[in-house]
Amino acid sequence: MVLTIALFLLSAAAIYVACEYFVNGIEWLGKRLAFGATAVGSVLAAFGTALPESAVTFVAVVFGKTPEQKDLGVGAAMGGPLVLATLAYAVVGVALLANRRHLHRATTRVRADHKRLRQDQAAFMAVFVVKVGLGLVAFAWKPWLGVLFLAAYAVYVWREIRTADTSEEEEELEPLKLRPRDAAPSLGWSLLQSLLALTVIAIASHVFVAQLEAIGQALQWPAHLVALLLSPVATELPETMNALIWVRQGKERLALANISGAMMIQATVPSALGLFFTPWRFDAALLASGLATMAAIVFLWCLFRREEVDARWLPVASLGYVAFAAFLLAQHLR
């Protein structure tokens, strides 16, 4: 157990350090590709950090030999959006409050494009409602609808790149960590640092998930509780770490764009894989996960309708995860 806890803490630390390098590299990569800062967060960073959890779904639904193994992939496809819509936004709010003095902020107002965030929540909800609805019905040509989810993500990426912008504070980039004396690092160096950091993130995330599952087993938690409650928290850790780093730098627009982009990936790509390779039928736990996610999105959409959003409201989104955890535990104790 001591070794498990040590690996758990070391892998978490490795993820954070690797995310420092990834965030730094991906910002320079976006600049070299002439991407707006918001597209760096919602497309480049989100796509990179979403690869590990998408791989979990892919391996489970494609290579799983039993219905239980395939169900783990479906659970990952549902658990990711729940964690992002609840805990990730809560972390941004807490981080903004904790760093207020460091950032020399006179108020707790979130500096973000509220209209863009509101549109992101609406787009996610439109896709997610269909995703959950398909889990409640069965018909012969349902697997073909996976193509529509991939198309929806392609449209989202196109819109993000076309409408991306950069604020004044986002123009200032720290030197590339692999080339600290180079005032204008090349595309190749920026890409190399991003890929190396992403590799470390993927390996450390795999170790982190394994240790979290071992801790759950040591506590005698059933496998489905670990899969639905703990594993998604672990697989979404890179996005959460990115958000912490960007908030610390006063770039909460990038942090929120990263979360929105990761949510859209989780709503589409793993869903398409699930539709292609599984019956995509929901039990009570998966449906509860979907409902908790939608409740959090409605809350966030209402929040971003305002011209000003207080960071103290963002942690309220975590109540969706708390409610889902309470539901699962109540089911387990029956």
# chains A, B, ... in the order shown; residues from 1 in each chain; ligands from 1
call {"tool": "residues_around", "arguments": {"residues": "range 171-182 of chain A", "least_positions_apart": "4", "cutoff": "12 Å", "atoms": "only C-alpha atoms", "output": "VMD selection string"}}
result
chain A and resid 17 to 31 34 to 38 165 to 167 186 to 194 196 to 197 246 249 to 251 254
call {"tool": "write_last_selection", "arguments": {"atoms": "N, CA and C atoms", "output": "compact mmCIF listing (two decimals), in the first residue's frame"}}
result
# COMPACT_ATOMS: atom_id res chain seq x y z
N VAL A 17 4.14 18.60 -13.65
CA VAL A 17 5.36 19.14 -14.27
C VAL A 17 5.28 19.02 -15.79
N ALA A 18 4.80 17.87 -16.27
CA ALA A 18 4.67 17.68 -17.72
C ALA A 18 3.67 18.66 -18.31
N CYS A 19 2.61 18.96 -17.56
CA CYS A 19 1.62 19.93 -18.04
C CYS A 19 2.23 21.33 -18.14
N GLU A 20 3.17 21.65 -17.23
CA GLU A 20 3.88 22.94 -17.32
C GLU A 20 4.59 23.04 -18.67
N TYR A 21 5.28 21.97 -19.04
CA TYR A 21 5.99 21.94 -20.32
C TYR A 21 5.01 21.92 -21.49
N PHE A 22 3.91 21.17 -21.33
CA PHE A 22 2.93 21.07 -22.42
C PHE A 22 2.26 22.41 -22.69
N VAL A 23 1.81 23.08 -21.62
CA VAL A 23 1.16 24.39 -21.77
C VAL A 23 2.11 25.39 -22.42
N ASN A 24 3.35 25.39 -21.97
CA ASN A 24 4.35 26.30 -22.54
C ASN A 24 4.60 25.98 -24.02
N GLY A 25 4.76 24.70 -24.33
CA GLY A 25 5.01 24.31 -25.72
C GLY A 25 3.84 24.54 -26.63
N ILE A 26 2.62 24.25 -26.13
CA ILE A 26 1.44 24.37 -26.99
C ILE A 26 1.11 25.84 -27.28
N GLU A 27 1.45 26.74 -26.34
CA GLU A 27 1.25 28.17 -26.60
C GLU A 27 2.16 28.64 -27.73
N TRP A 28 3.43 28.21 -27.68
CA TRP A 28 4.35 28.58 -28.76
C TRP A 28 3.97 27.92 -30.08
N LEU A 29 3.49 26.68 -30.00
CA LEU A 29 3.05 25.99 -31.21
C LEU A 29 1.88 26.73 -31.84
N GLY A 30 0.93 27.16 -31.01
CA GLY A 30 -0.20 27.92 -31.52
C GLY A 30 0.22 29.23 -32.15
N LYS A 31 1.23 29.88 -31.54
CA LYS A 31 1.72 31.14 -32.10
C LYS A 31 2.38 30.90 -33.45
N ALA A 34 -0.11 30.45 -36.06
CA ALA A 34 -1.00 31.62 -36.18
C ALA A 34 -2.41 31.32 -35.70
N PHE A 35 -2.53 30.50 -34.65
CA PHE A 35 -3.82 30.24 -34.03
C PHE A 35 -4.09 31.33 -33.00
N GLY A 36 -5.36 31.73 -32.87
CA GLY A 36 -5.74 32.61 -31.77
C GLY A 36 -5.61 31.86 -30.46
N ALA A 37 -5.42 32.60 -29.36
CA ALA A 37 -5.19 31.96 -28.07
C ALA A 37 -6.34 31.05 -27.66
N THR A 38 -7.59 31.46 -27.92
CA THR A 38 -8.71 30.62 -27.52
C THR A 38 -8.71 29.29 -28.25
N ASP A 165 -9.56 34.33 -30.94
CA ASP A 165 -8.92 35.63 -30.75
C ASP A 165 -7.93 35.53 -29.60
N THR A 166 -7.17 36.61 -29.40
CA THR A 166 -6.12 36.64 -28.38
C THR A 166 -6.20 37.96 -27.63
N SER A 167 -6.20 37.90 -26.31
CA SER A 167 -6.23 39.12 -25.51
C SER A 167 -4.80 39.58 -25.23
N SER A 186 11.50 27.91 -32.89
CA SER A 186 10.91 27.45 -34.15
C SER A 186 9.71 26.55 -33.91
N LEU A 187 8.98 26.30 -34.98
CA LEU A 187 7.84 25.39 -34.93
C LEU A 187 8.28 24.00 -34.49
N GLY A 188 9.44 23.56 -35.00
CA GLY A 188 9.94 22.22 -34.67
C GLY A 188 10.21 22.04 -33.19
N TRP A 189 10.89 23.02 -32.56
CA TRP A 189 11.17 22.93 -31.13
C TRP A 189 9.88 22.98 -30.30
N SER A 190 8.94 23.84 -30.71
CA SER A 190 7.67 23.94 -30.00
C SER A 190 6.90 22.62 -30.07
N LEU A 191 6.89 22.02 -31.26
CA LEU A 191 6.20 20.74 -31.45
C LEU A 191 6.88 19.64 -30.66
N LEU A 192 8.23 19.61 -30.68
CA LEU A 192 8.97 18.58 -29.95
C LEU A 192 8.68 18.65 -28.46
N GLN A 193 8.71 19.85 -27.88
CA GLN A 193 8.44 19.97 -26.44
C GLN A 193 7.02 19.53 -26.12
N SER A 194 6.06 19.91 -26.95
CA SER A 194 4.66 19.54 -26.72
C SER A 194 4.48 18.03 -26.77
N LEU A 196 6.84 15.63 -26.37
CA LEU A 196 7.54 14.98 -25.26
C LEU A 196 6.73 15.11 -23.97
N ALA A 197 6.21 16.31 -23.72
CA ALA A 197 5.39 16.52 -22.52
C ALA A 197 4.14 15.66 -22.57
N TRP A 246 -2.72 27.82 -16.20
CA TRP A 246 -3.14 29.03 -16.91
C TRP A 246 -3.78 30.06 -15.97
N GLN A 249 -1.22 32.02 -14.26
CA GLN A 249 -0.62 33.01 -15.15
C GLN A 249 -1.59 34.14 -15.51
N GLY A 250 -2.80 34.08 -14.96
CA GLY A 250 -3.79 35.11 -15.26
C GLY A 250 -4.46 34.91 -16.61
N LYS A 251 -4.41 33.70 -17.14
CA LYS A 251 -4.99 33.41 -18.46
C LYS A 251 -6.19 32.46 -18.31
N LEU A 254 -7.87 30.92 -21.41
CA LEU A 254 -7.29 29.71 -21.96
C LEU A 254 -7.69 28.49 -21.14
call {"tool": "residues_around", "arguments": {"residues": "Gly73 in chain A", "least_positions_apart": "2", "cutoff": "6 Å", "atoms": "only C-alpha atoms", "output": "ChimeraX atom specification"}}
result
/A:57,60-61,70-71,75-76
call {"tool": "write_last_selection", "arguments": {"atoms": "C-alpha atoms", "output": "mmCIF file, in the first residue's frame"}}
result
data_model
loop_
_atom_site.group_PDB
_atom_site.id
_atom_site.type_symbol
_atom_site.label_atom_id
_atom_site.label_comp_id
_atom_site.auth_asym_id
_atom_site.auth_seq_id
_atom_site.Cartn_x
_atom_site.Cartn_y
_atom_site.Cartn_z
ATOM 1 C CA THR A 57 -12.584 4.194 -24.428
ATOM 2 C CA ALA A 60 -12.237 -0.967 -23.964
ATOM 3 C CA VAL A 61 -14.868 -0.906 -26.732
ATOM 4 C CA LYS A 70 -16.978 -2.784 -23.147
ATOM 5 C CA ASP A 71 -19.176 -1.182 -20.475
ATOM 6 C CA GLY A 75 -18.510 4.527 -18.535
ATOM 7 C CA ALA A 76 -15.336 6.416 -19.461
#
call {"tool": "select_by_dssp", "arguments": {"residues": "range 224-313 of chain A", "states": "alpha helix (DSSP H)", "output": "PyMOL selection string"}}
result
chain A and resi 224-225+231-235+237-248+252-277+284-304
call {"tool": "closest_residue", "arguments": {"among": "A:Arg306, A:Arg281, A:His206, A:Ser289", "to": "Leu7 in chain A", "atoms": "only C-alpha atoms"}}
result
A:His206
call {"tool": "atom_distance", "arguments": {"atom1": "CA of Ala218 in chain A", "atom2": "CA of Ser231 in chain A"}}
result
15.0 Å
call {"tool": "atom_distance", "arguments": {"atom1": "CA of Gly79 in chain A", "atom2": "CA of Ala295 in chain A"}}
result
14.3 Å
call {"tool": "residues_around", "arguments": {"residues": "Ile5 in chain A", "least_positions_apart": "2", "cutoff": "10 Å", "atoms": "only C-alpha atoms", "output": "ChimeraX atom specification"}}
result
/A:1-3,7-11,208,211-212,214-215
call {"tool": "write_last_selection", "arguments": {"atoms": "C-alpha atoms", "output": "compact mmCIF listing (two decimals), in the first residue's frame"}}
result
# COMPACT_ATOMS: atom_id res chain seq x y z
CA MET A 1 0.00 0.00 0.00
CA VAL A 2 2.92 2.34 0.74
CA LEU A 3 4.30 1.76 -2.77
CA LEU A 7 3.42 5.97 -7.08
CA PHE A 8 0.09 7.82 -6.81
CA LEU A 9 1.78 10.99 -5.53
CA LEU A 10 4.78 10.75 -7.86
CA SER A 11 2.60 10.25 -10.95
CA PHE A 208 -2.06 7.39 -11.79
CA GLN A 211 -2.83 3.40 -8.48
CA LEU A 212 -6.25 4.98 -7.99
CA ALA A 214 -5.59 -0.15 -6.53
CA ILE A 215 -6.56 2.23 -3.73
call {"tool": "residues_around", "arguments": {"residues": "Val309 in chain A", "least_positions_apart": "3", "cutoff": "12 Å", "atoms": "only C-alpha atoms", "output": "number ranges by chain"}}
result
A: 93, 96, 107-115, 117-118, 300-306, 312-314
call {"tool": "write_last_selection", "arguments": {"atoms": "C-alpha atoms", "output": "tab-separated table (two decimals), in the first residue's frame"}}
result
chain	number	residue	atom	x	y	z
A	93	GLY	CA	-13.02	29.06	-9.55
A	96	LEU	CA	-8.84	32.18	-9.25
A	107	THR	CA	-12.26	41.80	-7.71
A	108	THR	CA	-13.12	38.10	-8.07
A	109	ARG	CA	-14.56	38.63	-11.55
A	110	VAL	CA	-13.73	36.02	-14.18
A	111	ARG	CA	-12.01	37.60	-17.18
A	112	ALA	CA	-13.44	35.61	-20.07
A	113	ASP	CA	-15.51	35.83	-23.22
A	114	HIS	CA	-18.87	35.03	-21.68
A	115	LYS	CA	-20.66	34.88	-25.02
A	117	LEU	CA	-18.48	30.23	-23.18
A	118	ARG	CA	-22.26	30.37	-23.33
A	300	LEU	CA	-22.96	27.06	-16.31
A	301	TRP	CA	-24.99	28.32	-19.27
A	302	CYS	CA	-27.14	30.45	-16.94
A	303	LEU	CA	-23.98	31.69	-15.20
A	304	PHE	CA	-22.28	32.76	-18.44
A	305	ARG	CA	-25.40	34.60	-19.60
A	306	ARG	CA	-24.34	37.36	-17.24
A	312	ARG	CA	-17.05	32.26	-6.26
A	313	TRP	CA	-19.94	30.80	-8.27
A	314	LEU	CA	-17.86	28.31	-10.28
